[in-house]
>>> print(open('my_file_17.txt').read())   # compact mmCIF, C-alpha atoms
# COMPACT_ATOMS: atom_id res chain seq x y z
CA MET Y 2 -11.40 32.81 -21.26
CA SER Y 3 -10.96 30.37 -18.36
CA TRP Y 4 -7.71 28.41 -18.15
CA ILE Y 5 -8.76 24.77 -18.63
CA ARG Y 6 -10.70 25.77 -21.75
CA ARG Y 7 -7.67 27.70 -23.03
CA ILE Y 8 -5.34 24.76 -22.48
CA SER Y 9 -7.81 22.41 -24.20
CA ARG Y 10 -7.26 24.34 -27.45
CA LEU Y 11 -3.55 23.50 -27.48
CA SER Y 12 -1.91 20.52 -29.15
CA SER Y 13 -1.90 17.17 -27.34
CA LEU Y 14 1.81 17.55 -26.58
CA GLU Y 15 1.34 21.03 -25.12
CA LYS Y 16 -1.63 19.93 -23.01
CA GLU Y 17 0.36 17.00 -21.67
CA GLY Y 18 3.18 19.39 -20.80
CA PHE Y 19 0.87 21.34 -18.51
CA TYR Y 20 -1.09 18.47 -16.99
CA ARG Y 21 1.81 16.11 -16.26
CA SER Y 22 2.67 18.60 -13.49
CA LEU Y 23 -0.37 17.23 -11.61
CA ILE Y 24 1.13 13.72 -11.30
CA PRO Y 25 2.76 13.18 -7.87
CA PRO Y 26 6.52 12.62 -8.38
CA SER Y 27 6.50 9.99 -5.61
CA LEU Y 28 4.60 7.66 -7.97
CA TYR Y 29 7.45 7.58 -10.49
CA HIS Y 30 9.98 5.85 -8.27
CA ARG Y 31 7.48 3.73 -6.40
CA PHE Y 32 5.99 2.18 -9.54
CA GLY Y 33 8.92 2.33 -11.95
CA ILE Y 34 7.44 5.05 -14.18
CA ASP Y 35 9.77 7.12 -16.35
CA PRO Y 36 8.96 10.80 -15.57
CA LEU Y 37 9.74 11.90 -19.14
CA SER Y 38 8.06 9.24 -21.25
CA LEU Y 39 5.47 8.34 -18.58
CA CYS Y 40 6.06 4.70 -19.50
CA ASN Y 41 6.59 1.74 -17.23
CA GLU Y 42 9.55 -0.62 -17.44
CA ARG Y 43 7.80 -2.56 -20.25
CA GLY Y 44 7.50 0.59 -22.33
CA ASP Y 45 3.74 0.95 -21.86
CA LYS Y 46 2.50 4.49 -21.35
CA VAL Y 47 0.59 4.51 -18.07
CA ALA Y 48 -0.62 8.13 -17.97
CA ARG Y 49 -3.70 9.44 -19.76
CA PHE Y 50 -4.73 13.06 -20.24
CA PHE Y 51 -8.37 13.70 -21.13
CA SER Y 52 -8.95 17.28 -22.24
CA PRO Y 53 -11.17 17.52 -25.34
CA GLN Y 54 -10.91 20.56 -27.58
CA GLY Y 55 -12.94 23.43 -26.12
CA ASP Y 56 -13.85 21.57 -22.92
CA SER Y 57 -13.64 23.19 -19.49
CA THR Y 58 -12.69 19.97 -17.65
CA CYS Y 59 -9.47 17.98 -17.61
CA LEU Y 60 -8.79 14.52 -16.23
CA VAL Y 61 -5.34 13.12 -15.48
CA GLU Y 62 -5.09 9.40 -14.81
CA VAL Y 63 -2.29 6.95 -14.06
CA LYS Y 64 -3.20 3.30 -14.51
CA LEU Y 65 -0.70 0.45 -14.37
CA THR Y 66 -0.66 -2.10 -17.18
CA GLY Y 67 -3.19 -4.80 -16.36
CA GLY Y 68 -4.48 -2.86 -13.37
CA GLU Y 69 -8.17 -3.03 -12.61
CA ASP Y 70 -8.43 0.45 -11.09
CA PRO Y 71 -6.57 3.71 -11.70
CA LEU Y 72 -3.56 4.14 -9.49
CA TYR Y 73 -4.24 7.86 -9.41
CA SER Y 74 -6.71 10.20 -11.04
CA ILE Y 75 -7.55 13.85 -10.60
CA GLN Y 76 -10.10 16.07 -12.33
CA LEU Y 77 -10.19 19.87 -12.52
CA THR Y 78 -12.87 22.13 -13.96
CA ASP Y 79 -13.00 25.83 -14.73
CA SER Y 80 -15.00 27.93 -12.31
CA ASN Y 81 -17.27 30.80 -13.30
CA ASP Y 82 -14.71 32.93 -11.47
CA PHE Y 83 -11.59 32.93 -13.66
CA THR Y 84 -9.38 33.37 -10.58
CA GLN Y 85 -10.64 30.09 -9.09
CA ILE Y 86 -10.46 26.44 -10.14
CA ASP Y 87 -12.72 23.58 -9.09
CA TRP Y 88 -11.02 20.44 -7.82
CA ASP Y 89 -13.69 17.89 -8.73
CA PHE Y 90 -12.12 14.78 -7.27
CA MET Y 91 -8.98 12.79 -6.58
CA VAL Y 92 -8.91 8.99 -6.47
CA VAL Y 93 -5.88 7.09 -5.17
CA ASN Y 94 -5.71 3.29 -4.98
CA ASP Y 95 -2.83 1.30 -3.52
CA PRO Y 96 -2.69 -1.69 -5.91
CA SER Y 97 -0.99 -3.85 -3.27
CA SER Y 98 -3.99 -3.58 -0.94
CA PRO Y 99 -7.17 -5.71 -1.04
CA LYS Y 100 -10.13 -4.43 -3.04
CA PHE Y 101 -13.63 -4.11 -1.60
CA ASN Y 102 -16.60 -3.78 -3.92
CA THR Y 103 -18.22 -0.89 -2.09
CA HIS Y 104 -18.68 0.85 -5.45
CA ILE Y 105 -21.30 -1.64 -6.70
CA ASP Y 106 -24.31 -3.05 -4.89
CA LEU Y 107 -25.41 -6.69 -4.76
CA GLU Y 108 -27.13 -6.31 -8.16
CA GLY Y 109 -23.96 -4.93 -9.73
CA THR Y 110 -25.24 -1.34 -9.95
CA ASP Y 111 -22.91 1.59 -9.25
CA THR Y 112 -23.54 2.81 -5.71
CA LEU Y 113 -22.26 6.33 -6.54
CA PHE Y 114 -19.90 6.21 -3.55
CA GLY Y 115 -22.65 4.69 -1.43
CA TRP Y 116 -25.11 7.57 -1.80
CA ALA Y 117 -27.44 5.93 -4.36
CA SER Y 118 -27.30 2.44 -2.83
CA ARG Y 119 -25.03 0.44 -0.55
CA ASN Y 120 -23.25 -2.89 -0.48
CA LEU Y 121 -23.40 -3.53 3.26
CA PRO Y 122 -21.35 -6.76 3.36
CA GLU Y 123 -18.51 -5.12 1.41
CA GLU Y 124 -18.74 -1.93 3.47
CA LYS Y 125 -18.43 -3.97 6.64
CA ARG Y 126 -15.32 -5.71 5.28
CA ALA Y 127 -13.86 -2.36 4.23
CA LEU Y 128 -14.53 -0.91 7.68
CA GLU Y 129 -12.82 -3.85 9.35
CA ALA Y 130 -9.81 -3.42 7.04
CA GLY Y 131 -9.39 0.21 8.11
CA LEU Y 132 -10.83 1.91 5.05
CA PHE Y 133 -13.00 5.03 5.01
CA PRO Y 134 -16.42 5.34 3.35
CA GLY Y 135 -16.17 5.58 -0.43
CA GLN Y 136 -12.87 3.71 -0.68
CA VAL Y 137 -12.44 0.47 -2.60
CA ARG Y 138 -8.74 0.18 -1.70
CA LYS Y 139 -6.43 1.91 0.74
CA GLY Y 140 -4.96 5.19 -0.39
CA MET Y 141 -1.28 6.16 -0.42
CA GLY Y 142 -1.19 9.36 1.64
CA LEU Y 143 -0.84 11.70 -1.36
CA THR Y 144 -3.18 14.53 -0.33
CA GLY Y 145 -0.49 16.93 0.86
CA GLU Y 146 1.72 16.26 -2.15
CA VAL Y 147 -1.17 16.78 -4.57
CA ILE Y 148 -2.21 20.05 -2.92
CA GLY Y 149 1.34 21.28 -3.39
CA LEU Y 150 1.18 20.37 -7.09
CA LEU Y 151 -2.18 22.11 -7.46
CA GLU Y 152 -0.81 25.27 -5.88
CA SER Y 153 2.15 25.28 -8.29
CA PHE Y 154 -0.23 24.74 -11.21
CA CYS Y 155 -2.40 27.64 -10.05
CA ARG Y 156 0.56 30.00 -9.64
CA VAL Y 157 1.52 29.48 -13.29
CA PHE Y 158 -1.89 30.83 -14.36
CA ASP Y 159 -2.36 33.32 -11.54
CA ILE Y 160 -5.32 31.35 -10.19
CA LYS Y 161 -6.02 32.59 -6.67
CA SER Y 162 -8.05 29.80 -5.04
CA ILE Y 163 -8.94 26.12 -5.22
CA ARG Y 164 -12.55 25.13 -4.59
CA LEU Y 165 -13.91 21.65 -3.81
CA GLU Y 166 -16.85 19.73 -2.41
CA ALA Y 167 -16.03 17.41 0.50
CA LEU Y 168 -18.07 14.31 -0.30
CA PHE Y 169 -17.59 12.66 3.10
CA TYR Y 170 -17.06 13.86 6.66
CA HIS Y 171 -13.49 12.54 6.74
CA ASN Y 172 -12.70 14.45 3.54
CA ALA Y 173 -13.79 17.72 5.12
CA ILE Y 174 -11.64 17.14 8.22
CA THR Y 175 -8.63 16.25 6.07
CA TYR Y 176 -9.00 19.37 3.94
CA GLU Y 177 -9.36 21.50 7.09
CA ARG Y 178 -5.96 20.23 8.15
CA HIS Y 179 -4.53 21.22 4.77
CA GLY Y 180 -5.62 24.85 5.01
CA PHE Y 181 -9.07 24.77 3.41
CA SER Y 182 -11.83 27.03 4.72
CA TYR Y 183 -15.58 26.69 4.26
CA PHE Y 184 -17.82 28.38 1.71
CA SER Y 185 -20.68 26.36 3.22
CA GLY Y 186 -21.07 23.64 5.81
CA TYR Y 187 -19.01 25.12 8.64
CA ALA Y 188 -21.97 25.31 11.04
CA GLN Y 189 -22.95 21.74 10.14
CA MET Y 190 -19.43 20.45 10.83
CA LYS Y 191 -19.21 22.28 14.16
CA ARG Y 192 -22.59 20.91 15.21
CA ILE Y 193 -21.62 17.34 14.30
CA HIS Y 194 -18.56 17.61 16.53
CA GLU Y 195 -20.68 18.93 19.39
CA LEU Y 196 -23.23 16.15 19.09
CA PHE Y 197 -20.59 13.39 19.17
CA GLN Y 198 -19.54 14.51 22.64
CA PRO Y 199 -20.47 12.22 25.59
CA GLY Y 200 -24.17 12.40 26.42
CA GLU Y 201 -25.15 14.24 23.22
CA GLN Y 202 -27.56 12.94 20.55
CA LEU Y 203 -25.08 11.46 18.06
CA PHE Y 204 -23.03 9.90 20.84
CA LYS Y 205 -26.14 8.11 22.09
CA LYS Y 206 -26.88 6.75 18.61
CA LEU Y 207 -23.60 4.83 18.62
CA ASP Y 208 -25.36 1.86 20.16
CA ASN Y 209 -23.91 -1.13 18.25
CA SER Y 210 -27.16 -1.44 16.29
CA THR Y 211 -25.09 -1.77 13.09
CA PRO Y 212 -21.38 -2.46 12.49
CA PHE Y 213 -21.00 1.24 11.65
CA ARG Y 214 -22.23 2.52 15.03
CA LYS Y 215 -19.76 1.41 17.66
CA PRO Y 216 -19.50 3.63 20.76
CA GLU Y 217 -15.78 4.24 20.24
CA PHE Y 218 -16.52 5.75 16.82
CA ALA Y 219 -17.39 9.04 18.52
CA ASN Y 220 -13.70 9.70 19.08
CA THR Y 221 -12.28 9.19 15.58
CA VAL Y 222 -12.66 10.78 12.17
CA ARG Y 223 -13.04 7.39 10.48
CA GLY Y 224 -15.62 6.17 12.98
CA ARG Y 225 -17.72 9.32 12.73
CA SER Y 226 -17.55 9.22 8.94
CA TRP Y 227 -18.85 5.63 8.82
CA ALA Y 228 -21.65 6.46 11.26
CA ILE Y 229 -22.67 9.49 9.20
CA HIS Y 230 -22.52 7.38 6.03
CA ASP Y 231 -24.83 4.93 7.81
CA GLY Y 232 -27.48 7.67 8.10
CA ILE Y 233 -27.11 8.56 11.75
CA LEU Y 234 -27.74 12.28 11.14
CA MET Y 235 -31.25 11.53 9.87
CA GLU Y 236 -32.22 9.91 13.15
CA ILE Y 237 -31.82 12.86 15.50
CA ASP Y 238 -33.84 16.00 16.05
CA ASP Y 239 -31.63 18.96 15.25
CA ASP Y 240 -32.50 21.97 13.10
CA LEU Y 241 -29.00 22.25 11.60
CA LEU Y 242 -28.87 18.61 10.57
CA ASP Y 243 -32.46 18.00 9.49
CA GLU Y 244 -31.39 17.27 5.89
CA GLY Y 245 -28.80 14.72 6.94
CA TRP Y 246 -25.29 14.98 5.54
CA VAL Y 247 -24.79 17.85 3.08
CA SER Y 248 -21.33 17.88 1.49
CA PRO Y 249 -19.50 21.07 2.54
CA VAL Y 250 -18.06 23.38 -0.11
CA MET Y 251 -14.51 24.40 0.76
CA TYR Y 252 -11.72 26.56 -0.65
CA ARG Y 253 -8.02 27.21 -0.17
CA MET Y 254 -6.34 30.49 -1.07
CA VAL Y 255 -3.22 29.74 -3.10
CA GLY Y 256 -0.17 30.42 -0.94
CA ARG Y 257 -2.36 31.49 2.00
CA PRO Y 258 -3.81 28.39 3.68
CA ARG Y 259 -6.20 29.09 6.54
CA GLY Y 260 -8.04 26.12 7.96
CA MET Y 261 -11.33 26.49 9.83
CA VAL Y 262 -11.11 23.78 12.48
CA THR Y 263 -14.22 21.83 13.50
CA PHE Y 264 -12.53 18.78 15.07
CA PRO Y 265 -9.54 19.97 17.14
CA ASP Y 266 -6.60 17.54 17.28
CA PRO Y 267 -8.48 14.76 15.49
CA THR Y 268 -7.62 11.08 15.78
CA TYR Y 269 -8.14 9.25 12.52
>>> encode(input="my_file_17.txt", output="structure tokens")
Amino acid sequence: MSWIRRISRLSSLEKEGFYRSLIPPSLYHRFGIDPLSLCNERGDKVARFFSPQGDSTCLVEVKLTGGEDPLYSIQLTDSNDFTQIDWDFMVVNDPSSPKFNTHIDLEGTDTLFGWASRNLPEEKRALEAGLFPGQVRKGMGLTGEVIGLLESFCRVFDIKSIRLEALFYHNAITYERHGFSYFSGYAQMKRIHELFQPGEQLFKKLDNSTPFRKPEFANTVRGRSWAIHDGILMEIDDDLLDEGWVSPVMYRMVGRPRGMVTFPDPTY
């Protein structure tokens, strides 16, 4: 039986014992959270562990009392391969930073990270504030710390690899730099880098026609990611990119990181 499903059959206290290991220790000191009780200074428990009996998915969430958005959340799911685990998502929100409503459109409907619909005024504000596509607040630079926690979790259960889907271009580049390789999407990522070079098709599309297509965006991960989110891939003639952005599927071997680089020495 796969590991998340096995853990789900344990008592709530036992499940919490396993899944609290996925909470970044840096959050405890920064936000006054007791690492044993998982309570804030007021005595409110701020961590939640969602792992229903017999389910193959677990969700760990830290949300400050009165906070609008989770401070941190991570979801894992069993893979069909018992030696692999799926890292579904991680969300990190710095509560001290401004919030941008990129997650809902002008009618109040969920944009599904901007793939179902878009809130262009809020996206423009987020861009100008230095955020990446899909963010509602700035993050807190936890990716490396969380990957370390995931590796430790996997070693306990002899899980050999971590699999994920990189929803945005900038996600894929970040995971490359943390030792993830590609199951799929490597050729797409290489081609995107090539076509953002001076004189190439994507470079030429950065023509200031929208706030997300400034010429200087060719040189940065954030700029490219916003341009891709703005649909720039659909406007060129290239066999590899004829479907537009397709989220790459990536993996990291536990204890044996090996990144496949598509943007050498990137500037964010």
>>> atom_distance(input="my_file_17.txt", atom1="CA of Trp88 (chain Y)", atom2="CA of Gly180 (chain Y)")
14.6 Å
>>> residues_around(input="my_file_17.txt", residues="Ala188 (chain Y)", least_positions_apart="3", cutoff="10 Å", atoms="all atoms listed in the file", output="mmCIF file with C-alpha atoms, in the frame of the given file")
data_model
loop_
_atom_site.group_PDB
_atom_site.id
_atom_site.type_symbol
_atom_site.label_atom_id
_atom_site.label_comp_id
_atom_site.auth_asym_id
_atom_site.auth_seq_id
_atom_site.Cartn_x
_atom_site.Cartn_y
_atom_site.Cartn_z
ATOM 1 C CA TYR Y 183 -15.580 26.690 4.260
ATOM 2 C CA SER Y 185 -20.680 26.360 3.220
ATOM 3 C CA LYS Y 191 -19.210 22.280 14.160
ATOM 4 C CA ARG Y 192 -22.590 20.910 15.210
ATOM 5 C CA ILE Y 193 -21.620 17.340 14.300
ATOM 6 C CA LEU Y 241 -29.000 22.250 11.600
ATOM 7 C CA LEU Y 242 -28.870 18.610 10.570
ATOM 8 C CA PRO Y 249 -19.500 21.070 2.540
ATOM 9 C CA THR Y 263 -14.220 21.830 13.500
#
>>> closest_residue(input="my_file_17.txt", among="Y:Arg156, Y:Arg214, Y:Lys46, Y:Arg259", to="Phe197 (chain Y)", atoms="only C-alpha atoms")
Y:Arg214
>>> closest_residue(input="my_file_17.txt", among="Y:Glu42, Y:Asp87, Y:Glu123, Y:Asp240", to="Lys161 (chain Y)", atoms="all atoms listed in the file")
Y:Asp87
>>> closest_residue(input="my_file_17.txt", among="Y:Ser52, Y:Ser12, Y:Asn94, Y:Thr103", to="Leu128 (chain Y)", atoms="only C-alpha atoms")
Y:Thr103
>>> build_atoms(input="my_file_17.txt", residues="region 207-219 of chain Y", atoms="N, CA and C atoms", output="PDB file, keeping the file's coordinate frame")
ATOM      1  N   LEU Y 207     -24.647   5.835  18.842  1.00  0.00           N
ATOM      2  CA  LEU Y 207     -23.600   4.830  18.620  1.00  0.00           C
ATOM      3  C   LEU Y 207     -23.836   3.676  19.594  1.00  0.00           C
ATOM      4  N   ASP Y 208     -24.796   2.852  19.236  1.00  0.00           N
ATOM      5  CA  ASP Y 208     -25.360   1.860  20.160  1.00  0.00           C
ATOM      6  C   ASP Y 208     -25.129   0.415  19.712  1.00  0.00           C
ATOM      7  N   ASN Y 209     -24.197   0.222  18.779  1.00  0.00           N
ATOM      8  CA  ASN Y 209     -23.910  -1.130  18.250  1.00  0.00           C
ATOM      9  C   ASN Y 209     -25.069  -1.731  17.459  1.00  0.00           C
ATOM     10  N   SER Y 210     -26.020  -0.914  17.041  1.00  0.00           N
ATOM     11  CA  SER Y 210     -27.160  -1.440  16.290  1.00  0.00           C
ATOM     12  C   SER Y 210     -26.768  -1.865  14.875  1.00  0.00           C
ATOM     13  N   THR Y 211     -25.668  -1.330  14.358  1.00  0.00           N
ATOM     14  CA  THR Y 211     -25.090  -1.770  13.090  1.00  0.00           C
ATOM     15  C   THR Y 211     -23.567  -1.797  13.279  1.00  0.00           C
ATOM     16  N   PRO Y 212     -22.846  -2.445  12.375  1.00  0.00           N
ATOM     17  CA  PRO Y 212     -21.380  -2.460  12.490  1.00  0.00           C
ATOM     18  C   PRO Y 212     -20.747  -1.082  12.383  1.00  0.00           C
ATOM     19  N   PHE Y 213     -21.526  -0.099  11.898  1.00  0.00           N
ATOM     20  CA  PHE Y 213     -21.000   1.240  11.650  1.00  0.00           C
ATOM     21  C   PHE Y 213     -21.318   2.204  12.793  1.00  0.00           C
ATOM     22  N   ARG Y 214     -21.799   1.658  13.918  1.00  0.00           N
ATOM     23  CA  ARG Y 214     -22.230   2.520  15.030  1.00  0.00           C
ATOM     24  C   ARG Y 214     -21.674   2.016  16.369  1.00  0.00           C
ATOM     25  N   LYS Y 215     -20.384   1.840  16.420  1.00  0.00           N
ATOM     26  CA  LYS Y 215     -19.760   1.410  17.660  1.00  0.00           C
ATOM     27  C   LYS Y 215     -19.507   2.617  18.550  1.00  0.00           C
ATOM     28  N   PRO Y 216     -19.668   2.489  19.856  1.00  0.00           N
ATOM     29  CA  PRO Y 216     -19.500   3.630  20.760  1.00  0.00           C
ATOM     30  C   PRO Y 216     -18.168   4.350  20.598  1.00  0.00           C
ATOM     31  N   GLU Y 217     -17.103   3.603  20.355  1.00  0.00           N
ATOM     32  CA  GLU Y 217     -15.780   4.240  20.240  1.00  0.00           C
ATOM     33  C   GLU Y 217     -15.638   5.087  18.975  1.00  0.00           C
ATOM     34  N   PHE Y 218     -16.597   4.974  18.047  1.00  0.00           N
ATOM     35  CA  PHE Y 218     -16.520   5.750  16.820  1.00  0.00           C
ATOM     36  C   PHE Y 218     -16.702   7.249  17.065  1.00  0.00           C
ATOM     37  N   ALA Y 219     -17.211   7.621  18.207  1.00  0.00           N
ATOM     38  CA  ALA Y 219     -17.390   9.040  18.520  1.00  0.00           C
ATOM     39  C   ALA Y 219     -16.066   9.784  18.580  1.00  0.00           C
TER      40      ALA Y 219
END
